[in-house]
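Contents: one structure, followed by commentary.
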Amino acid sequence: MQHGKYRFIVGFLALPLGLYALFVVWPFIQSIYYSFTDWTGLSPEFKMVGFDNYSRMLDDEIFWKSLQHSLLFALLLPVVTIGLALFFAFMINVGGRKRKNGPVITGVRGSSFYKIVYFFPQVLSIAIVALLFAFAYNPDSGAINSILRGIGLDNVQPLWLGDPDLALWAVMAVLVWSTVGFFVVLFSAGMASIPAEMYEAALLDGANRVTTFFRITLPLLWDTVQSGWVYMGILALGAESFAVVQIMTTGPGGPDYSTTVMVLYVYQKAFRDGQAAYATTIGVALLVVTLAFAAVVMRLGRRERLEY
Amino acid sequence: MVVMPLLWAVMTSFKDDKSIFSSPWSLPDSLHFDNWSRAWTEANMSDYFLNTVLVVGGSLIGTLVLGSMAAYVLARFDFPGNRFIYYLFIGGMSFPIMLALVPLFYVVNNMGLLNTIHGLILVYIAYSLPFTVFFLTAFFRTLPTSIAEAAFVDGASHSRTFFQIMLPMAKPGLVSVGIFNFLGQWNQYMLPTVLNTDPDKRVLTQGLVQLAVSQGYKGDWSGLFAGLVMAMLPVLAAYIIFQRQVVQGLTAGALK
Amino acid sequence: MGSTSAENHGTEGVGRRDLIKRSAALGLISVPTMSFLSACASSGGDDSGDKAKAGKKTAKNPLGVNDTAGMEFVLFDGGFGKEYAEDAVKIYEKNFPKVKVKFSATQKIQSALQPRFNQGTPPDLIDNSGAEQMDMGVLSSKNQLTDLTPLLDAPSYDDPGKKVRDTLRPGIVEMGQLDGDPVWILYYAYTVYGVWYSQKALDSLDEQYPETWDQMLAVCEKAKKKGMAGWTYAGKYPYYLPFSLYPMIGKVGGREVLDAIDNLEPNAWKHPAVKACFDAYYELFKKGYVLKGTPGLDHIQSQTAWAEGKALFIPNGSWVENESANVIPKDFGLAVSAPTGLDSSDKMPFGTIWASGGEPFIVPSKAKNAAGGMEQLRIMLSEASSKNFTSKVKSLTAYNGGTDGIALTPGLKSGVAALDKAGENVLNPRMQDWYVQLQKEKIGVSGLGEMMAGRLTPAEAIKKIQGFADETAKDSSIKHYKHQ
């Protein structure tokens with residue numbers, strides 16, 4: 001029996017774990033190793049250089065800028081995205097006006113339609129989304145400034161991606177747009193499974209919609225919110241921010257380094273400057289930041305949960 | 001706000017280059033279907049389409065089978081190292097793929113899997129496992145244990161219990177995680193760029209970026225938009241068809 | 001319950017057998033992998049094993065190409081497209097009928113080829129161009145490139161009495177040297193950089209192309225009154241500005257100023273000529289002569305706005321004629337001019353222009369068939385192939401001549417005229433080949449881009465750029481070059 005159990009466990013785990021170790025874990029360990037070399041990425045020759053790449057990184061101003069922006073992405077994007085998503089999901093599911101003879105708790109009209117529509121951006125590749133918005137942000141003939149002109153705001157014609165004060169926010173807005181739908185659907189599913197009696201009881205107690213949201217919906221959804229937060233933060237630090245910054249921004253990464261993020265810097269060092277070893281060094285820093293972020297959110301989440 | 005950019009893209013794909021820039025908001029003067037045929041033929045969209053279906057289909061099945069096996073064991077059995085393996089998988093979600101690209105190339109290359117469809121499938125599976133395991137482990141924990149125990153007492157082996165009883169019960173979870181993986185794998189770009197450089201074996205995203213970059217040099221924006229819309233239609237269709245399952249799957253899995 | 005399992009029985013059996021097969025297959029895979037795990041991660045492939053044997057050198061085959069060995073050619077698929085290369089490949093295959101050339105074109109040169117360099121199996125000829133251009137300084141210092149001298153000393157394709165090197169435009173061979181004698185790179189295209197404009201638009205203003213800066217400002221003022229901006233540029237990629245700014249600096253202050261800048265000499269940017277030219281460009285912004293929104297436009301968007309007549313002038317290279325062919329109206333009268341100078345006290349005459357090689361072709365040292373790669377280049381450098389390129393993509397090639405007897409497009413014609421006018425006064429700043437990050441991201445985006453958007457004064461921009469240049473000069477992780 002015991003023997004059978006372990007054979008089963010090993011049998012079931014061997015394949016996925018092996019595949020995972022081979023294609024994911026092992027390459028990752030190797031890249032950490034490269035960060036201690038002077039590998040260019042363009043020839044198989046390299047030698048060990050110890051911590052040179054790491055000390056260089058600490059003196060690298062562009063690295064620090066990219067770190068700042070990445071941290072901003074990781075902290076702000078989940079807050080905004082999840083906040084908006086909670087609001088929309090609440091409106092769809094619980095926010096509707098009470099209709100005659102209808103259930104006490106309903107969504108706004110057409111909520112099932114919204115559930116489909118909100119998910120649209122999620123099915124698009126982030127590269128497509130970025131290209132689309134690069135067009136919309138064109139200050140000369142892009143959609144956004146055309147609208148502004150159309151409603152008579154001829155003097156308000158921002159440079160958007162060309163303005164160092166706006167570019168980062170313009171990029172973030174695109175990321176929010178493209179991810180918020182996923183969380184709306186996720187939270188909607190969660191809210192749908194909260195028993196309606198709980199709301200009814202709260203409403204009978206005289207609670208308004210805002211208080212029901214904070215007293216009932218949010219605490220019950222907290223686990224989902226927290227893992228969504230981690231998931232979004234990881235996306236914002238990694239793949240998504242890369243595609244958007246790379247495709248949309250000046251330079252890319254500009255103007256004047258105002259939008260550069262860590263993944264972009266990794267890419268530029270590895271694929272433009274022939275400094276693959278230094279690129280992996282920054283990559284290791286990115287990993288540390290990501291793990292630290294995940295740990296902090298988990299820890300914070302636990303504390304906040306106790307307050308309820 | 002959500003639909004408009006998409007409609008705009010569709011509309012733009014029917015315009016000619018000049019009007020895209022001079023009047024981005026107007027409707028096309030006539031429907032320029034030539035953009036579509038140009039994108040379809042010049043960007044080899046038809047070939048790439050087939051490759052993508054093969055790769056995503058293969059890896060989707062593999063991901064679900066392997067992911068559910070690992071998740072089941074991790075969710076239901078106590079053994080030394082269980083937590084470690086679980087967190088190893090979860091940690092994978094935070095590994096930036098880009099960092100591992102070059103070493104990954106060597107691993108794949110040394111195994112002779114470079115520029116092969118099945119090689120790409122194996123890599124896709126490996127990189128889809130973290131999210132799949134994360135999601136399905138939570139799901140398997142929520143399933144009642146009594147049925148499986150009963151089957152086991154009846155003399156069924158562990159693996160038979162899994163395939164005959166647990167997998168059918170996990171169907172909603174499998175469907176929704178399958179859809180997420182489908183979206184992710186369909187849109188995967190970094191992995192094929194490095195591991196699949198043979199022009200004949202390109203997948204759709206590669207063809208699309210090829211198209212996008214070459215439009216950057218040739219100024220054929222209308223063709224680009226036609227290609228963009230072409231690539232997103234099947235995904236949209238898939239989502240609308242499976243929309244109910246996604247929501248159900250999320251209700252069943254994510255909240256627990 | 002029971003019935004369910006009975007129904008599922010069949011599929012379960014298959015599933016499990018499938019699974020067993022799978023694990024067996026994976027076992028087979030992982031055995032060699034395990035031994036690999038202990039080996040060095042990036043040990044490249046064996047690089048000497050399967051090189052093609054040299055063929056017999058004959059008058060028709062001076063490079064001794066093996067007439068049965070395969071040849072692989074990877075082209076950057078950019079503004080020039082791939083047709084010209086495909087045509088040249090056809091000639092190669094005609095000359096060596098037993099050979100099938102493996103030809104491919106990509107925009108992501110480094111993504112596609114970096115692993116193959118590491119693996120020791122690069123293709124035989126590469127057009128190393130575009131945004132993902134591989135750093136050729138790194139490639140040459142790591143012994144990854146073949147010296148192209150045998151090609152240059154081989155007889156040319158058209159005239160056995162003439163060496164290839166003697167058929168090239170001046171400066172092409174020197175550009176291919178990084179340090180010392182070996183020639184690592186052959187720049188195939190020949191690009192004329194300068195200020196591009198519509199003759200029709202100038203005519204409508206009743207103006208000529210301005211030779212001094214005062215005239216330039218007058219023309220812009222006149223245009224402004226007609227609701228037209230004077231200038232636009234690729235705001236998101238401000239490293240297009242140097243295409244007219246650098247030769248202007250050279251014209252005002254002399255060649256040495258640009259050489260000092262390329263050599264990263266201390267205070268090279270503090271030369272008065274640099275300041276004067278920066279001031280001049282900044283004035284364009286100050287007086288509102290730059291198209292509104294320009295800093296947010298990419299190259300295509302700015303070229304489109306310019307082609308629509310929203311702006312008169314745009315700094316660009318001769319590829320713009322091909323790249324913007326879809327949006328340039330038929331009666332546009334596309335023309336290029338050498339940059340406007342300051343006044344008559346400039347060190348070099350009006351007409352001083354920046355022209356240099358583009359589209360760098362390299363033959364990797366680990367190529368299996370390096371001779372084949374060079375032979376392909378030799379074919380491309382024939383008069384017929386050069387003419388084919390010029391007529392197809394509206395650009396000149398490294399082959400000196402090759403414009404007789406073909407109908408030149410307006411932009412090309414004006415480019416040839418500008419070169420004639422320049423005569424000896426051709427400048428060739430190397431910053432963009434030698435120090436990509438410095439040129440694009442630092443000088444371009446953070447320096448010039450900020451200044452032209454009005455966020456830096458010329459003095460601040462110069463101070464910032466000088467700081468960047470000093471940093472690069474000190475950075476030991478970057479390879480440094482000097483003008484010979």
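By order of appearance in the structure tokens: chains A, B, ..., then residues from 1 within every chain, and ligands from 1 in the order shown.
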
As a list in words, please: the residues near B:Ile117 (cut-off 8 Å, only C-alpha atoms, same-chain neighbours under 2 positions excluded).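 Listed by chain and then number, they are Asn51, Leu54, Val55, Asn115, Gly119, Leu120, Ile121 and Lys201 of chain B.
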
Since we have the selection now, will you write its residues out, keeping N, CA and C atoms, as an mmCIF file, in the first residue's frame?
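Resulting contents of selection_26.cif:
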data_model
loop_
_atom_site.group_PDB
_atom_site.id
_atom_site.type_symbol
_atom_site.label_atom_id
_atom_site.label_comp_id
_atom_site.auth_asym_id
_atom_site.auth_seq_id
_atom_site.Cartn_x
_atom_site.Cartn_y
_atom_site.Cartn_z
ATOM 1 N N ASN B 51 0.639 25.939 -38.457
ATOM 2 C CA ASN B 51 1.664 25.638 -37.462
ATOM 3 C C ASN B 51 1.174 25.970 -36.064
ATOM 4 N N LEU B 54 -1.236 23.429 -34.733
ATOM 5 C CA LEU B 54 -0.536 22.207 -34.331
ATOM 6 C C LEU B 54 0.145 22.384 -32.974
ATOM 7 N N VAL B 55 0.925 23.467 -32.863
ATOM 8 C CA VAL B 55 1.703 23.658 -31.642
ATOM 9 C C VAL B 55 0.783 23.862 -30.447
ATOM 10 N N ASN B 115 13.824 23.982 -33.760
ATOM 11 C CA ASN B 115 13.066 24.095 -35.000
ATOM 12 C C ASN B 115 12.185 22.892 -35.282
ATOM 13 N N GLY B 119 9.373 19.862 -30.306
ATOM 14 C CA GLY B 119 10.233 20.536 -29.342
ATOM 15 C C GLY B 119 9.534 21.761 -28.766
ATOM 16 N N LEU B 120 8.936 22.517 -29.654
ATOM 17 C CA LEU B 120 8.229 23.724 -29.216
ATOM 18 C C LEU B 120 7.076 23.346 -28.284
ATOM 19 N N ILE B 121 6.417 22.230 -28.609
ATOM 20 C CA ILE B 121 5.303 21.791 -27.770
ATOM 21 C C ILE B 121 5.795 21.479 -26.362
ATOM 22 N N LYS B 201 8.414 27.000 -40.286
ATOM 23 C CA LYS B 201 7.717 26.491 -39.108
ATOM 24 C C LYS B 201 7.211 27.608 -38.221
#

Tell me, counting only C-alpha atoms, for each residue of chain A within 6 Å of chain C, which pair of atoms is nearest and how far apart they are in Å to one decimal, in rows ordered by chain and increasing number, as JSON lines.
{"residue": "A:Leu42", "atom": "CA", "partner": "C:Gln114", "partner_atom": "CA", "distance": 5.6}
{"residue": "A:Ser43", "atom": "CA", "partner": "C:Asn118", "partner_atom": "CA", "distance": 4.8}
{"residue": "A:Pro44", "atom": "CA", "partner": "C:Asn118", "partner_atom": "CA", "distance": 4.8}
{"residue": "A:Pro139", "atom": "CA", "partner": "C:Gly293", "partner_atom": "CA", "distance": 4.9}
{"residue": "A:Asp140", "atom": "CA", "partner": "C:Gly293", "partner_atom": "CA", "distance": 5.4}
{"residue": "A:Leu159", "atom": "CA", "partner": "C:Gly296", "partner_atom": "CA", "distance": 5.2}
{"residue": "A:Leu161", "atom": "CA", "partner": "C:Gly296", "partner_atom": "CA", "distance": 5.5}
{"residue": "A:Gly162", "atom": "CA", "partner": "C:Gly296", "partner_atom": "CA", "distance": 4.0}
{"residue": "A:Thr250", "atom": "CA", "partner": "C:Lys236", "partner_atom": "CA", "distance": 4.1}
{"residue": "A:Gly251", "atom": "CA", "partner": "C:Tyr237", "partner_atom": "CA", "distance": 5.4}
{"residue": "A:Asp256", "atom": "CA", "partner": "C:Ser446", "partner_atom": "CA", "distance": 4.3}
{"residue": "A:Gly274", "atom": "CA", "partner": "C:Asp135", "partner_atom": "CA", "distance": 5.9}

I need the residues from that last selection saved to file as an mmCIF file, in the first residue's frame (with N, CA and C atoms), if you can.
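Produced file result_30.cif, reproduced below:
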data_model
loop_
_atom_site.group_PDB
_atom_site.id
_atom_site.type_symbol
_atom_site.label_atom_id
_atom_site.label_comp_id
_atom_site.auth_asym_id
_atom_site.auth_seq_id
_atom_site.Cartn_x
_atom_site.Cartn_y
_atom_site.Cartn_z
ATOM 1 N N LEU A 42 27.538 36.480 -28.193
ATOM 2 C CA LEU A 42 27.754 36.315 -29.627
ATOM 3 C C LEU A 42 28.859 35.329 -29.950
ATOM 4 N N SER A 43 29.487 34.767 -28.931
ATOM 5 C CA SER A 43 30.471 33.731 -29.197
ATOM 6 C C SER A 43 30.521 32.821 -27.980
ATOM 7 N N PRO A 44 30.909 31.576 -28.177
ATOM 8 C CA PRO A 44 30.890 30.652 -27.040
ATOM 9 C C PRO A 44 32.022 30.877 -26.029
ATOM 10 N N PRO A 139 0.422 62.162 -31.714
ATOM 11 C CA PRO A 139 -0.066 63.512 -31.396
ATOM 12 C C PRO A 139 -0.583 64.252 -32.624
ATOM 13 N N ASP A 140 -0.099 63.897 -33.792
ATOM 14 C CA ASP A 140 -0.459 64.642 -34.993
ATOM 15 C C ASP A 140 -1.795 64.179 -35.553
ATOM 16 N N LEU A 159 1.731 65.566 -26.128
ATOM 17 C CA LEU A 159 2.631 64.737 -26.937
ATOM 18 C C LEU A 159 2.531 63.262 -26.552
ATOM 19 N N LEU A 161 3.276 59.996 -25.740
ATOM 20 C CA LEU A 161 4.493 59.194 -25.584
ATOM 21 C C LEU A 161 5.751 60.026 -25.779
ATOM 22 N N GLY A 162 5.610 61.231 -26.335
ATOM 23 C CA GLY A 162 6.772 62.084 -26.536
ATOM 24 C C GLY A 162 7.062 62.977 -25.351
ATOM 25 N N THR A 250 9.388 56.050 -27.002
ATOM 26 C CA THR A 250 10.481 56.716 -27.687
ATOM 27 C C THR A 250 11.784 55.991 -27.411
ATOM 28 N N GLY A 251 12.481 55.717 -28.423
ATOM 29 C CA GLY A 251 13.839 55.170 -28.215
ATOM 30 C C GLY A 251 14.043 53.719 -28.538
ATOM 31 N N ASP A 256 14.172 60.345 -22.695
ATOM 32 C CA ASP A 256 15.121 60.541 -21.606
ATOM 33 C C ASP A 256 14.953 59.506 -20.494
ATOM 34 N N GLY A 274 25.447 43.459 -27.131
ATOM 35 C CA GLY A 274 26.341 42.309 -27.047
ATOM 36 C C GLY A 274 26.926 42.110 -25.659
#

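Restricting the calculation to only C-alpha atoms, the smallest distance between A:Gly233 and any of A:Phe293, A:Tyr6, A:Phe183, A:Tyr34 is found for A:Phe293.
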
Using only C-alpha atoms, which protein or nucleic acid residues come within 9 Å of stretch 113-127 of chain A? Drop anything in the same chain fewer than 4 positions from it, and give the result as number ranges by chain. A: 89, 92, 109, 131-132, 175, 177-185, 188, 240, 243-244, 247; B: 2-3, 6, 183-184, 186-188, 205, 209, 231-232, 235-236, 239-240, 243, 247

Write out the residues from the selection above, keeping N, CA and C atoms, as a short mmCIF file (atom, residue, chain, number, x, y, z; two decimals), in the first residue's frame.
data_model
loop_
_atom_site.label_atom_id
_atom_site.label_comp_id
_atom_site.auth_asym_id
_atom_site.auth_seq_id
_atom_site.Cartn_x
_atom_site.Cartn_y
_atom_site.Cartn_z
N ALA A 89 -16.84 44.91 -11.52
CA ALA A 89 -17.45 43.63 -11.21
C ALA A 89 -18.62 43.84 -10.25
N ILE A 92 -21.50 45.25 -12.18
CA ILE A 92 -22.13 44.25 -13.04
C ILE A 92 -23.00 43.31 -12.22
N ARG A 109 -28.13 46.56 -16.14
CA ARG A 109 -28.68 45.94 -17.34
C ARG A 109 -27.57 45.47 -18.28
N LEU A 131 0.54 48.11 -30.27
CA LEU A 131 0.57 48.73 -31.59
C LEU A 131 -0.65 49.63 -31.81
N LEU A 132 -1.79 49.09 -31.39
CA LEU A 132 -3.02 49.83 -31.53
C LEU A 132 -2.95 51.17 -30.82
N LEU A 175 -1.65 49.17 -20.16
CA LEU A 175 -1.60 47.90 -19.42
C LEU A 175 -2.86 47.70 -18.60
N TRP A 177 -5.79 48.94 -19.28
CA TRP A 177 -6.86 48.63 -20.22
C TRP A 177 -6.85 47.16 -20.62
N SER A 178 -5.64 46.66 -20.85
CA SER A 178 -5.57 45.31 -21.41
C SER A 178 -5.74 44.22 -20.36
N THR A 179 -5.61 44.55 -19.08
CA THR A 179 -5.71 43.48 -18.09
C THR A 179 -6.96 43.57 -17.22
N VAL A 180 -7.60 44.75 -17.19
CA VAL A 180 -8.68 44.92 -16.23
C VAL A 180 -9.82 43.93 -16.49
N GLY A 181 -10.04 43.61 -17.76
CA GLY A 181 -11.15 42.71 -18.09
C GLY A 181 -11.01 41.34 -17.46
N PHE A 182 -9.79 40.84 -17.46
CA PHE A 182 -9.55 39.53 -16.87
C PHE A 182 -10.02 39.51 -15.41
N PHE A 183 -9.67 40.58 -14.69
CA PHE A 183 -10.02 40.61 -13.28
C PHE A 183 -11.51 40.86 -13.07
N VAL A 184 -12.12 41.59 -13.98
CA VAL A 184 -13.56 41.77 -13.87
C VAL A 184 -14.24 40.42 -13.94
N VAL A 185 -13.83 39.61 -14.90
CA VAL A 185 -14.44 38.29 -15.04
C VAL A 185 -14.14 37.44 -13.82
N SER A 188 -16.13 38.79 -10.90
CA SER A 188 -17.56 38.54 -11.13
C SER A 188 -17.91 37.13 -10.73
N GLU A 240 4.56 41.65 -19.86
CA GLU A 240 3.63 42.64 -20.39
C GLU A 240 4.29 44.00 -20.52
N ALA A 243 6.67 44.22 -23.61
CA ALA A 243 6.07 44.38 -24.93
C ALA A 243 5.59 45.82 -25.13
N VAL A 244 4.93 46.35 -24.12
CA VAL A 244 4.33 47.67 -24.27
C VAL A 244 5.41 48.75 -24.40
N ILE A 247 7.40 48.42 -27.77
CA ILE A 247 6.70 48.76 -29.00
C ILE A 247 6.29 50.23 -29.03
N VAL B 2 -13.95 49.89 -24.28
CA VAL B 2 -13.26 48.62 -24.49
C VAL B 2 -13.36 48.18 -25.95
N VAL B 3 -14.54 48.36 -26.49
CA VAL B 3 -14.77 47.82 -27.82
C VAL B 3 -14.20 48.74 -28.90
N LEU B 6 -10.94 48.10 -30.69
CA LEU B 6 -10.99 46.91 -31.53
C LEU B 6 -11.72 47.21 -32.83
N LEU B 183 -5.07 30.77 -24.54
CA LEU B 183 -4.80 32.19 -24.83
C LEU B 183 -3.31 32.49 -24.72
N GLY B 184 -2.71 31.99 -23.65
CA GLY B 184 -1.29 32.27 -23.44
C GLY B 184 -0.44 31.68 -24.54
N TRP B 186 -1.37 30.69 -27.55
CA TRP B 186 -1.68 31.25 -28.88
C TRP B 186 -0.90 32.56 -29.07
N ASN B 187 -0.80 33.33 -28.02
CA ASN B 187 -0.14 34.62 -28.13
C ASN B 187 1.35 34.57 -27.78
N GLN B 188 1.87 33.40 -27.47
CA GLN B 188 3.28 33.30 -27.07
C GLN B 188 4.19 33.77 -28.21
N THR B 205 2.18 34.42 -34.26
CA THR B 205 2.71 35.63 -33.64
C THR B 205 4.00 36.07 -34.31
N VAL B 209 4.61 39.68 -36.04
CA VAL B 209 5.65 40.64 -35.70
C VAL B 209 6.50 40.92 -36.94
N ALA B 231 -5.28 37.85 -37.00
CA ALA B 231 -4.74 37.03 -35.92
C ALA B 231 -5.65 37.04 -34.71
N MET B 232 -6.40 38.12 -34.52
CA MET B 232 -7.17 38.14 -33.28
C MET B 232 -8.56 37.52 -33.44
N VAL B 235 -9.06 33.97 -31.91
CA VAL B 235 -9.03 33.97 -30.45
C VAL B 235 -10.35 34.52 -29.91
N LEU B 236 -10.81 35.58 -30.53
CA LEU B 236 -12.09 36.14 -30.10
C LEU B 236 -13.20 35.12 -30.26
N TYR B 239 -13.07 32.56 -27.63
CA TYR B 239 -13.53 33.04 -26.33
C TYR B 239 -15.05 33.12 -26.28
N ILE B 240 -15.63 33.64 -27.35
CA ILE B 240 -17.08 33.79 -27.31
C ILE B 240 -17.76 32.43 -27.23
N GLN B 243 -17.13 31.08 -23.65
CA GLN B 243 -17.28 32.09 -22.62
C GLN B 243 -17.94 31.52 -21.36
N VAL B 247 -16.28 31.33 -17.42
CA VAL B 247 -16.87 31.91 -16.22
C VAL B 247 -17.19 30.83 -15.20
#

Selection near stretch 64-74 of chain C, 6 Å with only C-alpha atoms, sequence-local residues under 2 positions removed, as a PyMOL selection string: chain C and resi 54-57+61-62+96+98-99+101-105+123-126+371-372

Keeping only C-alpha atoms, write the selected residues as a short mmCIF file (atom, residue, chain, number, x, y, z; two decimals), in the first residue's frame.
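File produced: result02.cif:
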data_model
loop_
_atom_site.label_atom_id
_atom_site.label_comp_id
_atom_site.auth_asym_id
_atom_site.auth_seq_id
_atom_site.Cartn_x
_atom_site.Cartn_y
_atom_site.Cartn_z
CA ALA C 54 37.77 24.47 -51.25
CA GLY C 55 36.94 24.19 -54.90
CA LYS C 56 39.34 24.75 -57.75
CA LYS C 57 40.25 28.36 -58.42
CA ASN C 61 35.70 31.00 -59.91
CA PRO C 62 38.51 33.12 -58.46
CA PHE C 96 26.81 26.62 -59.53
CA LYS C 98 24.53 21.71 -58.24
CA VAL C 99 23.99 24.08 -55.35
CA VAL C 101 21.16 28.23 -51.70
CA LYS C 102 19.33 28.33 -48.40
CA PHE C 103 18.02 31.85 -48.33
CA SER C 104 15.97 33.43 -45.57
CA ALA C 105 15.03 36.94 -44.56
CA PRO C 123 25.19 30.94 -42.01
CA ASP C 124 27.67 31.83 -44.76
CA LEU C 125 26.52 35.36 -45.49
CA ILE C 126 24.56 37.76 -43.31
CA ALA C 371 34.07 31.26 -50.00
CA GLY C 372 30.48 30.81 -51.14
#

Please provide the set of residues having any atom within 9 Å of C:Asp214, restricted to only C-alpha atoms, with same-chain residues fewer than 4 positions apart removed, written as an MDAnalysis selection string. chainID C and resid 210 218:219 342:343

Using only C-alpha atoms, pick whichever of C:Glu375, C:Glu207, C:Glu321, C:Asp331 has the shortest atom-to-atom distance to chain B. C:Glu321

Would you mind listing what lies within 7 Å of stretch 89-94 of chain B as a ChimeraX atom specification, with only C-alpha atoms counted and same-chain residues fewer than 4 positions away left out? /A:234,290-291 /B:85,130-131,134

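For stretch 119-286 of chain C, the set of residues given strand (DSSP E) by DSSP on the backbone reads Leu125, Ile126, Asp127, Leu186, Tyr187, Tyr188, Ala189, Tyr190, Thr191, Val192, Tyr193, Gly194, Val195, Trp196, Tyr197, Ser198, Ala229, Gly230 and Trp231 of chain C.
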
Name the residues of stretch 64-217 of chain B that fall into helix (DSSP H, G or I) according to DSSP on the backbone, using the chain letters and numbers of this document, as number ranges by chain. B: 64-76, 82-94, 97-110, 117-142, 146-153, 158-169, 171-186, 190-195, 199-201, 204-217

Nearest to chain A among B:Gly207, B:Pro103, B:Gly58, B:Gly227, with distances taken over only C-alpha atoms: which residue is it?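 Smallest separation from chain A among the options: B:Pro103.
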
List the spatial neighbours of C:Asp475 as a ChimeraX atom specification - criterion: any atom at most 12 Å away, only C-alpha atoms, same-chain residues fewer than 3 positions off excluded. /A:56,59-60 /C:264,435,438,468-472,478-480

Find the distance between atom CA of C:Arg165 and atom CA of C:Leu381 and write it in Å to one decimal. 10.1 Å
